[in-house]
file run02.csv (CSV, C-alpha atoms)
chain,number,residue,atom,x,y,z
M,95,MET,CA,0.4,-3.8,-24.7
M,96,ASN,CA,0.2,-6.8,-27.1
M,97,GLU,CA,1.1,-9.4,-24.5
M,98,PHE,CA,0.3,-9.7,-20.8
M,99,ARG,CA,-0.5,-12.1,-18.0
M,100,TYR,CA,-3.2,-11.6,-15.4
M,101,THR,CA,-3.7,-13.4,-12.1
M,102,SER,CA,-7.0,-13.1,-10.2
M,103,TYR,CA,-7.5,-13.8,-6.5
M,104,ALA,CA,-10.5,-15.1,-4.6
M,105,GLN,CA,-11.7,-12.1,-2.6
M,106,GLU,CA,-15.0,-10.7,-1.4
M,107,ILE,CA,-15.1,-6.9,-1.2
M,108,ILE,CA,-17.7,-5.1,0.9
M,109,PHE,CA,-17.8,-1.3,0.4
M,110,GLY,CA,-20.2,1.1,2.0
M,111,VAL,CA,-20.9,3.5,4.9
M,112,GLY,CA,-21.6,1.5,8.0
M,113,SER,CA,-20.4,-1.8,6.6
M,114,LEU,CA,-18.3,-2.6,9.7
M,115,ALA,CA,-21.4,-2.9,11.8
M,116,ARG,CA,-22.5,-5.8,9.6
M,117,LEU,CA,-19.2,-7.7,9.8
M,118,GLY,CA,-20.7,-10.3,12.2
M,119,GLU,CA,-23.2,-11.5,9.5
M,120,THR,CA,-20.4,-11.7,6.9
M,121,VAL,CA,-18.1,-13.7,9.2
M,122,GLU,CA,-21.0,-16.1,9.9
M,123,ARG,CA,-21.2,-16.9,6.2
M,124,PHE,CA,-17.5,-17.9,6.2
M,125,HIS,CA,-18.0,-20.1,9.3
M,126,TRP,CA,-15.1,-18.4,11.2
M,127,ARG,CA,-15.5,-18.9,15.0
M,128,ARG,CA,-12.3,-17.7,16.5
M,129,LEU,CA,-10.8,-14.5,15.1
M,130,MET,CA,-7.8,-12.4,16.2
M,131,LEU,CA,-7.3,-8.7,15.5
M,132,CYS,CA,-4.0,-7.1,14.6
M,133,SER,CA,-4.1,-3.4,15.1
M,134,THR,CA,-2.7,-0.4,16.9
M,135,ALA,CA,-3.3,1.6,20.1
M,136,SER,CA,-4.7,4.5,18.0
M,137,MET,CA,-7.5,2.3,16.7
M,138,ARG,CA,-8.4,1.7,20.4
M,139,ARG,CA,-8.3,5.4,21.2
M,140,GLY,CA,-10.4,6.2,18.1
M,141,GLY,CA,-13.1,3.7,19.1
M,142,HIS,CA,-12.7,1.4,16.1
M,143,ILE,CA,-11.7,-1.6,18.1
M,144,ALA,CA,-14.7,-1.2,20.3
M,145,SER,CA,-16.9,-1.1,17.2
M,146,LEU,CA,-15.3,-4.3,16.0
M,147,GLU,CA,-15.8,-6.0,19.4
M,148,GLU,CA,-19.5,-5.0,19.2
M,149,ALA,CA,-19.8,-6.4,15.7
M,150,LEU,CA,-18.1,-9.7,16.4
M,151,GLY,CA,-18.9,-10.4,20.0
M,152,THR,CA,-17.5,-13.7,21.3
M,153,ARG,CA,-16.0,-14.6,17.9
M,154,LEU,CA,-13.2,-12.1,18.6
M,155,VAL,CA,-11.0,-14.2,20.9
M,156,ALA,CA,-7.7,-12.3,20.8
M,157,ILE,CA,-6.4,-8.7,20.1
M,158,TYR,CA,-2.8,-7.7,19.4
M,159,GLU,CA,-3.0,-3.9,19.4
M,160,HIS,CA,0.7,-3.0,19.5
M,161,VAL,CA,1.6,-3.1,15.8
M,162,GLN,CA,4.5,-0.8,15.0
M,163,PRO,CA,5.3,0.6,11.5
M,164,HIS,CA,7.0,-1.6,8.9
M,165,VAL,CA,6.0,-4.9,10.7
M,166,PRO,CA,9.1,-5.6,12.9
M,167,ASP,CA,10.1,-9.3,13.0
M,168,PHE,CA,10.0,-9.5,16.8
M,169,GLN,CA,6.4,-8.4,16.8
M,170,VAL,CA,5.5,-11.1,14.3
M,171,VAL,CA,6.9,-13.6,16.9
M,172,GLU,CA,4.7,-12.0,19.6
M,173,ALA,CA,1.6,-12.0,17.6
M,174,LEU,CA,2.2,-15.5,16.4
M,175,ALA,CA,2.4,-16.7,20.0
M,176,LEU,CA,-0.9,-15.1,20.8
M,177,ALA,CA,-2.6,-16.5,17.7
M,178,SER,CA,-1.3,-20.0,18.5
M,179,GLU,CA,-2.3,-19.9,22.1
M,180,THR,CA,-5.9,-18.8,21.3
M,181,GLU,CA,-6.2,-21.3,18.3
M,182,VAL,CA,-7.6,-18.7,15.9
M,183,ASP,CA,-9.2,-19.7,12.6
M,184,ALA,CA,-8.9,-16.2,10.9
M,185,LEU,CA,-6.9,-13.0,11.4
M,186,ILE,CA,-8.1,-9.5,11.0
M,187,GLY,CA,-5.9,-6.6,10.1
M,188,MET,CA,-7.5,-3.2,10.9
M,189,GLY,CA,-5.8,0.0,10.3
M,190,GLY,CA,-3.1,0.9,7.8
M,191,GLY,CA,-0.6,-1.2,5.8
M,192,SER,CA,1.3,-2.3,8.9
M,193,SER,CA,-1.7,-3.8,10.7
M,194,ILE,CA,-2.9,-5.6,7.6
M,195,GLY,CA,0.7,-6.7,6.9
M,196,MET,CA,1.0,-8.1,10.4
M,197,ALA,CA,-2.1,-10.2,9.9
M,198,LYS,CA,-0.7,-11.5,6.6
M,199,ALA,CA,2.6,-12.4,8.2
M,200,VAL,CA,1.0,-14.2,11.1
M,201,SER,CA,-1.3,-16.1,8.7
M,202,LEU,CA,1.7,-17.6,6.8
M,203,ALA,CA,3.6,-18.2,10.1
M,204,LEU,CA,0.6,-20.0,11.6
M,205,GLU,CA,0.3,-22.3,8.6
M,206,GLU,CA,4.0,-23.2,8.6
M,207,LYS,CA,3.9,-23.9,12.3
M,208,GLY,CA,0.8,-26.0,12.0
M,209,THR,CA,1.8,-28.0,9.0
M,210,GLY,CA,5.6,-28.2,9.5
M,211,ARG,CA,6.2,-27.1,5.9
M,212,PRO,CA,6.5,-23.9,3.9
M,213,ALA,CA,3.1,-22.2,3.5
M,214,ARG,CA,3.9,-20.6,0.1
M,215,ALA,CA,1.3,-21.0,-2.6
M,216,ALA,CA,2.3,-23.2,-5.6
M,217,PHE,CA,-0.7,-21.8,-7.6
M,218,PRO,CA,-2.7,-18.6,-7.4
M,219,THR,CA,-5.7,-20.7,-6.5
M,220,ASP,CA,-4.1,-22.1,-3.3
M,221,GLN,CA,-6.0,-21.2,-0.2
M,222,PRO,CA,-4.7,-20.3,3.2
M,223,LEU,CA,-5.1,-22.4,6.3
M,224,VAL,CA,-5.8,-19.3,8.3
M,225,PRO,CA,-7.3,-16.6,6.1
M,226,VAL,CA,-7.0,-12.8,6.5
M,227,VAL,CA,-9.7,-10.2,6.8
M,228,ALA,CA,-8.7,-6.6,6.0
M,229,ILE,CA,-10.4,-3.5,7.3
M,230,PRO,CA,-8.5,-0.5,6.1
M,231,THR,CA,-8.7,2.9,7.9
M,232,THR,CA,-6.1,4.6,5.6
M,233,TYR,CA,-5.5,4.6,1.9
M,234,ALA,CA,-2.4,2.3,1.9
M,235,GLY,CA,-3.8,-0.5,-0.4
M,236,SER,CA,-2.5,-3.6,1.4
M,237,GLU,CA,-6.1,-4.9,1.7
M,238,MET,CA,-6.2,-5.8,-2.0
M,239,THR,CA,-2.8,-7.3,-2.5
M,240,PRO,CA,-0.8,-10.6,-2.0
M,241,ILE,CA,2.1,-8.6,-0.7
M,242,TYR,CA,3.4,-7.6,2.7
M,243,GLY,CA,6.7,-6.4,4.2
M,244,ILE,CA,8.6,-7.5,7.3
M,245,THR,CA,11.5,-5.5,8.8
M,246,TYR,CA,14.3,-7.9,10.0
M,247,HIS,CA,16.7,-6.8,12.7
M,248,GLY,CA,20.2,-8.1,13.2
M,249,ASP,CA,23.8,-7.0,13.5
M,250,GLY,CA,22.6,-3.6,14.6
M,251,SER,CA,20.8,-2.9,11.4
M,252,ALA,CA,17.3,-3.2,9.9
M,253,ARG,CA,16.3,-4.4,6.5
M,254,LYS,CA,12.7,-4.5,5.1
M,255,ALA,CA,11.9,-7.4,2.9
M,256,THR,CA,8.9,-7.8,0.7
M,257,ILE,CA,7.0,-11.1,0.6
M,258,SER,CA,4.5,-11.9,-2.2
M,259,ASP,CA,2.2,-14.9,-2.0
M,260,ALA,CA,-1.3,-15.5,-3.2
M,261,LYS,CA,-2.3,-17.1,0.2
M,262,VAL,CA,-2.0,-13.8,2.1
M,263,THR,CA,-4.4,-11.9,-0.2
M,264,PRO,CA,-7.3,-11.0,2.2
M,265,LYS,CA,-10.3,-13.3,1.6
M,266,LEU,CA,-12.5,-10.5,2.9
M,267,THR,CA,-12.0,-6.8,2.7
M,268,VAL,CA,-14.4,-4.3,4.4
M,269,TYR,CA,-14.3,-0.7,3.3
M,270,ASP,CA,-16.3,1.6,5.6
M,271,PRO,CA,-15.7,5.3,4.9
M,272,LEU,CA,-16.8,6.1,8.5
M,273,LEU,CA,-13.6,4.6,9.7
M,274,THR,CA,-11.6,7.3,7.9
M,275,LEU,CA,-13.4,10.3,9.3
M,276,ASN,CA,-10.9,10.8,12.1
M,277,LEU,CA,-7.8,10.2,10.1
M,278,SER,CA,-5.5,13.1,10.7
M,279,PRO,CA,-4.7,15.5,7.9
M,280,GLU,CA,-1.1,14.3,7.7
M,281,MET,CA,-2.1,10.6,7.5
M,282,THR,CA,-4.8,11.5,5.0
M,283,ALA,CA,-2.3,13.2,2.8
M,284,SER,CA,0.6,10.8,3.1
M,285,THR,CA,-1.4,7.6,2.7
M,286,GLY,CA,-3.4,9.3,-0.1
M,287,ILE,CA,-0.2,9.9,-2.0
M,288,ASN,CA,0.8,6.3,-1.3
M,289,ALA,CA,-2.4,5.3,-3.2
M,290,LEU,CA,-1.6,7.7,-6.0
M,291,ALA,CA,1.8,6.2,-6.3
M,292,HIS,CA,0.3,2.7,-6.7
M,293,CYS,CA,-1.6,4.1,-9.7
M,294,ILE,CA,1.4,5.7,-11.2
M,295,GLU,CA,3.6,2.7,-11.0
M,296,ALA,CA,0.8,0.4,-12.2
M,297,LEU,CA,0.4,2.6,-15.3
M,298,TYR,CA,4.0,2.1,-16.4
M,299,SER,CA,4.7,-1.3,-14.8
M,300,ILE,CA,6.6,-3.8,-17.0
M,301,THR,CA,3.8,-6.3,-16.3
M,302,ARG,CA,0.9,-3.9,-16.8
M,303,ASN,CA,-2.4,-5.2,-18.2
M,304,PRO,CA,-5.6,-3.6,-19.5
M,305,LEU,CA,-7.5,-4.2,-16.2
M,306,ALA,CA,-4.8,-2.7,-14.0
M,307,THR,CA,-4.4,0.2,-16.4
M,308,SER,CA,-8.1,1.0,-16.3
M,309,ALA,CA,-8.2,0.7,-12.5
M,310,ALA,CA,-5.1,2.9,-12.1
M,311,LEU,CA,-6.5,5.7,-14.4
M,312,SER,CA,-9.9,5.7,-12.5
M,313,GLY,CA,-7.9,5.7,-9.3
M,314,VAL,CA,-5.9,8.8,-10.4
M,315,ARG,CA,-9.2,10.6,-11.2
M,316,SER,CA,-10.8,9.8,-7.8
M,317,ILE,CA,-7.7,10.5,-5.7
M,318,TYR,CA,-6.7,13.7,-7.4
M,319,THR,CA,-10.2,15.1,-7.0
M,320,ALA,CA,-11.0,13.8,-3.5
M,321,LEU,CA,-7.7,13.9,-1.6
M,322,PRO,CA,-7.5,17.7,-1.3
M,323,ARG,CA,-11.1,17.8,-0.1
M,324,CYS,CA,-10.4,15.1,2.5
M,325,TYR,CA,-7.3,17.0,3.6
M,326,ALA,CA,-9.2,20.3,3.9
M,327,ALA,CA,-12.3,18.8,5.7
M,328,GLY,CA,-11.8,15.4,7.3
M,329,ASP,CA,-15.5,15.0,8.1
M,330,ASP,CA,-16.6,15.4,4.5
M,331,LEU,CA,-18.1,11.9,4.1
M,332,GLU,CA,-18.7,12.2,0.4
M,333,ALA,CA,-15.1,13.1,-0.2
M,334,ARG,CA,-13.9,10.3,2.1
M,335,THR,CA,-16.1,7.8,0.3
M,336,GLU,CA,-14.7,8.9,-3.1
M,337,MET,CA,-11.1,8.8,-1.7
M,338,LEU,CA,-11.7,5.3,-0.4
M,339,VAL,CA,-13.0,4.2,-3.9
M,340,GLY,CA,-9.7,5.6,-5.3
M,341,ALA,CA,-7.7,3.6,-2.7
M,342,PHE,CA,-9.6,0.5,-3.7
M,343,LEU,CA,-8.8,1.1,-7.3
M,344,ALA,CA,-5.2,1.8,-6.6
M,345,GLY,CA,-4.9,-1.4,-4.5
M,346,THR,CA,-6.6,-3.4,-7.2
M,347,ALA,CA,-4.1,-2.1,-9.8
M,348,LEU,CA,-1.2,-2.7,-7.4
M,349,ALA,CA,-2.3,-6.3,-6.8
M,350,HIS,CA,-1.9,-7.3,-10.4
M,351,VAL,CA,1.4,-5.8,-11.6
M,352,THR,CA,5.0,-5.5,-10.5
M,353,MET,CA,6.1,-2.3,-8.8
M,354,ALA,CA,9.2,-0.4,-9.7
M,355,LEU,CA,11.9,2.0,-8.4
M,356,HIS,CA,9.5,4.2,-6.4
M,357,HIS,CA,8.4,1.5,-4.1
M,358,GLY,CA,11.8,-0.1,-3.8
M,359,LEU,CA,13.2,3.2,-2.6
M,360,CYS,CA,10.3,3.7,-0.1
M,361,HIS,CA,10.9,0.3,1.4
M,362,ALA,CA,14.6,1.0,1.8
M,363,LEU,CA,13.8,4.4,3.4
M,364,GLY,CA,11.3,2.8,5.7
M,365,GLY,CA,13.0,-0.4,6.8
M,366,THR,CA,16.5,1.0,7.0
M,367,ALA,CA,16.1,4.8,7.7
M,368,GLY,CA,12.8,4.6,9.6
M,369,VAL,CA,10.9,7.0,7.4
M,370,PRO,CA,7.1,6.4,7.6
M,371,HIS,CA,5.9,4.8,4.3
M,372,GLY,CA,3.4,7.5,3.3
M,373,VAL,CA,5.9,10.2,3.9
M,374,ALA,CA,8.6,8.3,1.9
M,375,ASN,CA,6.0,8.1,-0.9
M,376,SER,CA,5.4,11.8,-0.8
M,377,ILE,CA,9.1,12.7,-1.1
M,378,VAL,CA,10.2,10.1,-3.6
M,379,LEU,CA,7.2,9.9,-6.1
M,380,PRO,CA,8.0,13.0,-8.2
M,381,HIS,CA,11.7,12.2,-8.4
M,382,ALA,CA,11.0,8.6,-9.4
M,383,MET,CA,8.6,9.8,-12.1
M,384,ARG,CA,11.2,12.2,-13.4
M,385,PHE,CA,13.8,9.5,-13.5
M,386,ASN,CA,11.5,7.2,-15.5
M,387,LEU,CA,9.9,9.9,-17.7
M,388,ASP,CA,11.9,9.3,-20.9
M,389,ALA,CA,10.9,5.6,-20.8
M,390,THR,CA,7.3,6.1,-19.6
M,391,ALA,CA,6.1,9.4,-21.1
M,392,PRO,CA,3.0,7.8,-22.8
M,393,GLN,CA,1.8,6.3,-19.6
M,394,LEU,CA,2.5,9.4,-17.5
M,395,ALA,CA,0.7,11.4,-20.1
M,396,GLN,CA,-2.4,9.2,-19.5
M,397,ALA,CA,-2.1,10.1,-15.8
M,398,ALA,CA,-1.9,13.8,-16.6
M,399,GLU,CA,-5.1,13.5,-18.6
M,400,ALA,CA,-6.8,11.7,-15.7
M,401,MET,CA,-5.8,14.8,-13.6
M,402,GLY,CA,-7.5,17.1,-16.1
M,403,VAL,CA,-4.6,18.1,-18.4
M,404,SER,CA,-5.9,18.7,-21.9
M,405,ARG,CA,-3.7,18.0,-24.8
M,406,ASP,CA,-3.1,21.0,-27.2
M,407,THR,CA,-1.3,20.1,-30.4
M,408,SER,CA,-0.2,23.7,-30.9
M,409,GLY,CA,0.3,24.7,-27.3
M,410,PRO,CA,2.5,23.7,-24.3
M,411,TYR,CA,1.0,20.2,-24.1
M,412,ALA,CA,1.7,19.1,-27.7
M,413,ASP,CA,3.4,15.8,-27.0
M,414,ASP,CA,3.6,13.0,-24.5
M,415,GLU,CA,6.7,14.2,-22.8
M,416,ALA,CA,5.3,17.7,-22.2
M,417,VAL,CA,2.1,16.3,-20.8
M,418,ALA,CA,4.0,13.8,-18.7
M,419,ARG,CA,6.1,16.6,-17.2
M,420,GLU,CA,2.9,18.4,-16.2
M,421,ALA,CA,1.8,15.2,-14.4
M,422,VAL,CA,5.0,15.3,-12.3
M,423,GLN,CA,4.5,19.0,-11.6
M,424,ARG,CA,0.9,18.6,-10.5
M,425,ILE,CA,1.7,15.8,-8.1
M,426,TYR,CA,4.6,17.7,-6.7
M,427,ASP,CA,2.4,20.8,-6.2
M,428,LEU,CA,-0.4,18.6,-4.6
M,429,ILE,CA,2.1,17.2,-2.1
M,430,GLY,CA,3.3,20.7,-1.2
M,431,GLN,CA,-0.3,22.0,-0.9
M,432,MET,CA,-0.9,19.4,1.8
M,433,HIS,CA,2.3,20.5,3.7
M,434,LEU,CA,3.9,17.0,3.5
M,435,PRO,CA,7.7,16.8,3.6
M,436,GLN,CA,9.4,17.1,0.2
M,437,ARG,CA,13.0,16.6,1.1
M,438,LEU,CA,14.7,13.6,2.8
M,439,ARG,CA,16.8,15.9,4.9
M,440,ASP,CA,13.5,17.2,6.5
M,441,VAL,CA,12.7,13.7,7.9
M,442,GLY,CA,16.1,12.9,9.4
M,443,VAL,CA,17.8,11.1,6.6
M,444,ASN,CA,21.6,11.9,6.6
M,445,GLU,CA,23.3,12.7,3.4
M,446,ALA,CA,26.1,10.3,4.4
M,447,ASP,CA,23.6,7.4,4.4
M,448,LEU,CA,22.5,7.9,0.8
M,449,PRO,CA,25.1,5.5,-0.8
M,450,HIS,CA,24.1,2.7,1.7
M,451,LEU,CA,20.4,3.3,1.0
M,452,ALA,CA,21.1,3.1,-2.7
M,453,GLN,CA,22.8,-0.2,-2.2
M,454,VAL,CA,19.9,-1.6,-0.1
M,455,ALA,CA,17.4,-0.5,-2.8
M,456,LEU,CA,19.4,-2.0,-5.6
M,457,GLN,CA,18.8,-5.5,-4.1
M,458,SER,CA,15.0,-4.9,-4.3
M,459,ARG,CA,13.1,-7.0,-6.8
M,460,THR,CA,10.9,-3.9,-7.5
M,461,VAL,CA,13.9,-1.8,-8.4
M,462,GLN,CA,15.1,-4.6,-10.7
M,463,SER,CA,11.6,-4.4,-12.4
M,464,ASN,CA,11.8,-0.7,-13.1
M,465,PRO,CA,10.7,0.2,-16.7
M,466,LYS,CA,13.9,2.1,-17.1
M,467,PRO,CA,16.7,-0.4,-16.4
M,468,ILE,CA,18.7,0.1,-13.3
M,469,THR,CA,22.1,-1.6,-13.2
M,470,ASP,CA,24.1,0.5,-10.8
M,471,ALA,CA,23.6,1.9,-7.3
M,472,ALA,CA,24.8,5.2,-8.6
M,473,GLN,CA,21.6,5.6,-10.6
M,474,ILE,CA,19.6,5.2,-7.4
M,475,GLU,CA,21.9,7.4,-5.4
M,476,ALA,CA,21.3,10.2,-8.0
M,477,VAL,CA,17.6,10.0,-7.4
M,478,LEU,CA,18.1,10.0,-3.6
M,479,ARG,CA,20.3,13.0,-3.9
M,480,ALA,CA,17.8,14.9,-6.0
M,481,ALA,CA,15.2,14.1,-3.2
M,482,TRP,CA,17.6,15.0,-0.4

call {"tool": "encode", "arguments": {"input": "run02.csv", "output": "structure tokens"}}
result
Amino acid sequence: MNEFRYTSYAQEIIFGVGSLARLGETVERFHWRRLMLCSTASMRRGGHIASLEEALGTRLVAIYEHVQPHVPDFQVVEALALASETEVDALIGMGGGSSIGMAKAVSLALEEKGTGRPARAAFPTDQPLVPVVAIPTTYAGSEMTPIYGITYHGDGSARKATISDAKVTPKLTVYDPLLTLNLSPEMTASTGINALAHCIEALYSITRNPLATSAALSGVRSIYTALPRCYAAGDDLEARTEMLVGAFLAGTALAHVTMALHHGLCHALGGTAGVPHGVANSIVLPHAMRFNLDATAPQLAQAAEAMGVSRDTSGPYADDEAVAREAVQRIYDLIGQMHLPQRLRDVGVNEADLPHLAQVALQSRTVQSNPKPITDAAQIEAVLRAAW
């Protein structure tokens, strides 16, 4: 790693048990008066929206609580109309990656509507007209990144596109472990593996840098230790707190590097085949790691060591490749222990659709940034078939 570029973003991170209750004080410092929430019905049922309403009072002027997975384009139009009507000056995304992604999408759309020109940042220091506040209740990582996805529908098909822009990086992120206590075992496991995947891809990203690498390795340690505990006992506040630290580190690593094959495949599976993002991560991650292993063994070996694998110069872990293979196996075993799907066929993906999915993924910028060059859809299809 003799050369690298690093971009920093203006963010305030508040982490701690009970931090949501103090959101009103924080919002006051930013001088936001009219906020809109983007969230889901499950957040209402879980009592989280009520807690937010209590914290913000009259500052919360609008709520869009119908966000569907993968941020459908028609829902962005609906949420934009509500935000325009209520003249909001900040947007809150509370929930998983889709809720936070919706807030990001509406933020840019509002600016474009208000100014009549593209809202895209010319420089990393450009600030949004309508900032985003992120309150994650899963481990998806969107709260730290300048990235979101929208699923566009047309001609009877769906395609998920990834947008990256400095302006949508949340200005404020509030991590409150109490909000994760009622996360289901399946959502805990799948979004936890999503966070782990962020770390793995950050480690071998073609744009990796020392800070992202350090965050990713620390994230692997926290996630590999805490995730099984959270899965086994969702009310373990200590484990939930450690897991949320891991998700923060994973999101931090993700924010400062380019992703690769794994995430390109997951977006194709989500936007085109309707596979939930966390589940797609769980199925694809070991196969993407195996595909990249011969080009990324030193970095995957670092991940293995973060998971507790000890090198042994005279034993089975004598070289990087052997240690890297153990990393793949440990992650595969962890996914199985949490009873997540491990085959695409088990989540409704048809074998006949694999060539089309490979073609969709090949167009992804993340796939084109894979550390092991991908020049043909057949390479991607082979990974999909191994996962099918």

call {"tool": "residues_around", "arguments": {"input": "run02.csv", "residues": "range 149-152 of chain M", "least_positions_apart": "4", "cutoff": "10 Å", "atoms": "only C-alpha atoms", "output": "ChimeraX atom specification"}}
result
/M:114-122,127-129,143-145,156

call {"tool": "closest_residue", "arguments": {"input": "run02.csv", "among": "M:Ala213, M:Val224, M:Ala309, M:Ile317", "to": "Ala347 in chain M", "atoms": "all atoms listed in the file"}}
result
M:Ala309

call {"tool": "closest_atom_pairs", "arguments": {"input": "run02.csv", "of": "range 270-389 of chain M", "to": "range 466-478 of chain M", "cutoff": "7 Å", "atoms": "all atoms listed in the file", "output": "Markdown table"}}
result
| residue | atom | partner | partner_atom | distance |
| --- | --- | --- | --- | --- |
| M:His381 | CA | M:Val477 | CA | 6.4 |
| M:Asn386 | CA | M:Lys466 | CA | 5.9 |
| M:Ala389 | CA | M:Lys466 | CA | 5.9 |

call {"tool": "atom_distance", "arguments": {"input": "run02.csv", "atom1": "CA of Ala104 in chain M", "atom2": "CA of Gly195 in chain M"}}
result
18.1 Å

call {"tool": "residues_around", "arguments": {"input": "run02.csv", "residues": "range 190-193 of chain M", "least_positions_apart": "2", "cutoff": "8 Å", "atoms": "all atoms listed in the file", "output": "MDAnalysis selection string"}}
result
chainID M and resid 132:134 161:165 187:188 195:197 230:237

call {"tool": "closest_residue", "arguments": {"input": "run02.csv", "among": "M:Leu131, M:Cys324, M:Val227, M:Leu146", "to": "Ala173 in chain M", "atoms": "all atoms listed in the file"}}
result
M:Leu131

call {"tool": "residues_around", "arguments": {"input": "run02.csv", "residues": "range 95-101 of chain M", "least_positions_apart": "3", "cutoff": "8 Å", "atoms": "only C-alpha atoms", "output": "list in words"}}
result
Pro218, Thr301, Arg302, Asn303, Pro304 and His350 of chain M

call {"tool": "write_last_selection", "arguments": {"input": "run02.csv", "atoms": "C-alpha atoms", "output": "compact mmCIF listing (two decimals), in the frame of the given file"}}
result
# COMPACT_ATOMS: atom_id res chain seq x y z
CA PRO M 218 -2.70 -18.60 -7.40
CA THR M 301 3.80 -6.30 -16.30
CA ARG M 302 0.90 -3.90 -16.80
CA ASN M 303 -2.40 -5.20 -18.20
CA PRO M 304 -5.60 -3.60 -19.50
CA HIS M 350 -1.90 -7.30 -10.40

call {"tool": "build_atoms", "arguments": {"input": "run02.csv", "residues": "range 272-286 of chain M", "atoms": "N, CA, C and O atoms", "output": "tab-separated table (two decimals), keeping the file's coordinate frame"}}
result
chain	number	residue	atom	x	y	z
M	272	LEU	N	-16.73	5.50	7.17
M	272	LEU	CA	-16.80	6.10	8.50
M	272	LEU	C	-15.55	5.90	9.31
M	272	LEU	O	-15.24	6.72	10.18
M	273	LEU	N	-14.79	4.85	9.01
M	273	LEU	CA	-13.60	4.60	9.70
M	273	LEU	C	-12.44	5.55	9.36
M	273	LEU	O	-11.40	5.57	10.02
M	274	THR	N	-12.63	6.33	8.31
M	274	THR	CA	-11.60	7.30	7.90
M	274	THR	C	-11.86	8.71	8.31
M	274	THR	O	-11.03	9.59	8.08
M	275	LEU	N	-13.00	8.95	8.94
M	275	LEU	CA	-13.40	10.30	9.30
M	275	LEU	C	-12.44	11.00	10.26
M	275	LEU	O	-12.27	12.22	10.23
M	276	ASN	N	-11.84	10.20	11.16
M	276	ASN	CA	-10.90	10.80	12.10
M	276	ASN	C	-9.48	10.62	11.78
M	276	ASN	O	-8.59	10.82	12.61
M	277	LEU	N	-9.21	10.26	10.53
M	277	LEU	CA	-7.80	10.20	10.10
M	277	LEU	C	-7.24	11.58	10.01
M	277	LEU	O	-7.85	12.50	9.46
M	278	SER	N	-6.07	11.76	10.60
M	278	SER	CA	-5.50	13.10	10.70
M	278	SER	C	-5.17	13.64	9.30
M	278	SER	O	-5.01	12.88	8.34
M	279	PRO	N	-5.07	14.97	9.17
M	279	PRO	CA	-4.70	15.50	7.90
M	279	PRO	C	-3.41	14.99	7.31
M	279	PRO	O	-3.30	14.69	6.12
M	280	GLU	N	-2.40	14.81	8.17
M	280	GLU	CA	-1.10	14.30	7.70
M	280	GLU	C	-1.23	12.87	7.20
M	280	GLU	O	-0.71	12.52	6.14
M	281	MET	N	-1.94	12.01	7.96
M	281	MET	CA	-2.10	10.60	7.50
M	281	MET	C	-2.99	10.53	6.30
M	281	MET	O	-2.78	9.69	5.43
M	282	THR	N	-3.98	11.39	6.24
M	282	THR	CA	-4.80	11.50	5.00
M	282	THR	C	-3.97	11.75	3.82
M	282	THR	O	-4.05	11.06	2.80
M	283	ALA	N	-3.14	12.78	3.94
M	283	ALA	CA	-2.30	13.20	2.80
M	283	ALA	C	-1.28	12.17	2.43
M	283	ALA	O	-1.14	11.82	1.25
M	284	SER	N	-0.55	11.65	3.42
M	284	SER	CA	0.60	10.80	3.10
M	284	SER	C	0.09	9.40	2.58
M	284	SER	O	0.65	8.87	1.61
M	285	THR	N	-0.96	8.84	3.18
M	285	THR	CA	-1.40	7.60	2.70
M	285	THR	C	-2.21	7.76	1.35
M	285	THR	O	-2.26	6.86	0.52
M	286	GLY	N	-2.78	8.95	1.16
M	286	GLY	CA	-3.40	9.30	-0.10
M	286	GLY	C	-2.40	9.33	-1.25
M	286	GLY	O	-2.65	8.83	-2.35
